[in-house]
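S.K.: Attaching a single structure in structure tokens format; questions to follow.
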Amino acid sequence: QVQVAESGGGLVQAGGSLRLSCAASGSIFSISAMGWYRQAPGNQRDLVASITNSGITNYADSVKGRFTISRDNVKNTVYLQMNSLKPEDTAVYYCKALAGGRQMWGQGTQVTVSS
């Protein structure tokens, strides 16, 4: 079983930056990919960025050039560096690990961008 836990959310002004962290624990050897998703009130949960074990990354068009996903294999942690934040980036951000064909979600962390 894999567990993931997010941290690093908060309140920031438009144009500012935040870095989210997602720490994985448990059967981490079974993880094939990890990703960040976000969900604003009344909206569906959408992919923000993902990274595979081989380092292949994927980004939503709305965050390309502003957000960067990376990982630290020693710390079993995936990061989401968010720059040039906009009010429309406000949402609960969730980390997901794909392991053995199963999806493991974290509890989420709130990101609020004020105008």
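By order in the structure tokens, chains are A, B, ...; within a chain, residues start at 1; ligands start at 1, following the order shown.
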Might you pull out every residue within 12 Å of stretch 70-82 of chain A, with only C-alpha atoms counted and same-chain residues fewer than 4 positions away left off, and present them as an NGL selection string?

M.R.: :A and (2-10 or 12 or 14-29 or 31 or 33-38 or 48-59 or 62-66 or 86 or 89-90 or 93-97 or 111 or 113)

S.K.: Restricted to C-alpha atoms, what would the selected residues look like written as an mmCIF file, in the first residue's frame?

M.R.:
```cif
data_model
loop_
_atom_site.group_PDB
_atom_site.id
_atom_site.type_symbol
_atom_site.label_atom_id
_atom_site.label_comp_id
_atom_site.auth_asym_id
_atom_site.auth_seq_id
_atom_site.Cartn_x
_atom_site.Cartn_y
_atom_site.Cartn_z
ATOM 1 C CA VAL A 2 1.158 3.518 -0.836
ATOM 2 C CA GLN A 3 0.293 6.647 1.087
ATOM 3 C CA VAL A 4 0.830 10.217 -0.050
ATOM 4 C CA ALA A 5 0.643 13.432 1.935
ATOM 5 C CA GLU A 6 0.644 16.975 0.583
ATOM 6 C CA SER A 7 2.006 20.119 2.180
ATOM 7 C CA GLY A 8 2.903 23.651 1.211
ATOM 8 C CA GLY A 9 -0.402 25.281 0.357
ATOM 9 C CA GLY A 10 -1.401 28.716 1.546
ATOM 10 C CA VAL A 12 -0.402 34.209 -1.869
ATOM 11 C CA ALA A 14 -1.235 37.194 -7.681
ATOM 12 C CA GLY A 15 2.181 36.990 -9.288
ATOM 13 C CA GLY A 16 3.652 35.186 -6.311
ATOM 14 C CA SER A 17 5.028 31.683 -5.907
ATOM 15 C CA LEU A 18 4.385 28.582 -3.837
ATOM 16 C CA ARG A 19 5.959 25.151 -3.712
ATOM 17 C CA LEU A 20 3.861 22.126 -2.921
ATOM 18 C CA SER A 21 5.352 18.882 -1.652
ATOM 19 C CA CYS A 22 3.980 15.362 -1.857
ATOM 20 C CA ALA A 23 5.702 12.750 0.280
ATOM 21 C CA ALA A 24 5.138 9.099 -0.553
ATOM 22 C CA SER A 25 5.452 6.250 1.918
ATOM 23 C CA GLY A 26 4.723 2.541 2.060
ATOM 24 C CA SER A 27 5.304 0.366 -1.000
ATOM 25 C CA ILE A 28 7.023 3.127 -2.946
ATOM 26 C CA PHE A 29 8.776 0.637 -5.226
ATOM 27 C CA ILE A 31 4.842 3.656 -7.869
ATOM 28 C CA ALA A 33 3.914 7.839 -11.761
ATOM 29 C CA MET A 34 2.796 10.702 -9.561
ATOM 30 C CA GLY A 35 0.811 13.774 -10.327
ATOM 31 C CA TRP A 36 -0.824 16.912 -9.051
ATOM 32 C CA TYR A 37 -4.501 17.629 -9.598
ATOM 33 C CA ARG A 38 -6.648 20.533 -8.524
ATOM 34 C CA VAL A 48 -2.148 19.973 -13.318
ATOM 35 C CA ALA A 49 1.105 18.088 -13.874
ATOM 36 C CA SER A 50 2.474 14.564 -13.741
ATOM 37 C CA ILE A 51 5.831 12.827 -13.758
ATOM 38 C CA THR A 52 6.679 9.206 -14.488
ATOM 39 C CA ASN A 53 9.433 7.072 -13.032
ATOM 40 C CA SER A 54 11.469 7.746 -16.158
ATOM 41 C CA GLY A 55 11.089 11.478 -15.655
ATOM 42 C CA ILE A 56 8.575 12.176 -18.383
ATOM 43 C CA THR A 57 6.477 15.175 -17.441
ATOM 44 C CA ASN A 58 3.096 16.392 -18.596
ATOM 45 C CA TYR A 59 1.392 19.709 -17.900
ATOM 46 C CA SER A 62 -3.075 26.502 -18.353
ATOM 47 C CA VAL A 63 0.079 26.051 -16.258
ATOM 48 C CA LYS A 64 2.754 25.467 -18.904
ATOM 49 C CA GLY A 65 5.650 27.842 -18.439
ATOM 50 C CA ARG A 66 4.552 28.734 -14.888
ATOM 51 C CA LYS A 86 -3.135 33.793 -10.862
ATOM 52 C CA ASP A 89 -5.155 28.899 -9.807
ATOM 53 C CA THR A 90 -7.108 28.960 -6.550
ATOM 54 C CA TYR A 93 -4.457 20.677 -4.861
ATOM 55 C CA TYR A 94 -4.270 16.902 -4.587
ATOM 56 C CA CYS A 95 -1.364 14.541 -5.047
ATOM 57 C CA LYS A 96 -1.937 11.183 -6.684
ATOM 58 C CA ALA A 97 0.324 8.167 -6.916
ATOM 59 C CA VAL A 111 -3.987 27.177 -2.516
ATOM 60 C CA VAL A 113 -4.356 33.361 -4.872
#
```

S.K.: So what do you get for atom CA of A:Pro41 versus atom CA of A:Ile69, distance-wise?

M.R.: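 Taking atom CA of A:Pro41 as the start and atom CA of A:Ile69 as the end point, the length is 23.7 Å.
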
S.K.: Under the rule that only C-alpha atoms are counted, which of A:Ser30, A:Gln1, A:Gln13, A:Asn43 is the nearest residue to A:Gly100?

M.R.: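 That would be A:Ser30, the residue with the smallest distance to A:Gly100.
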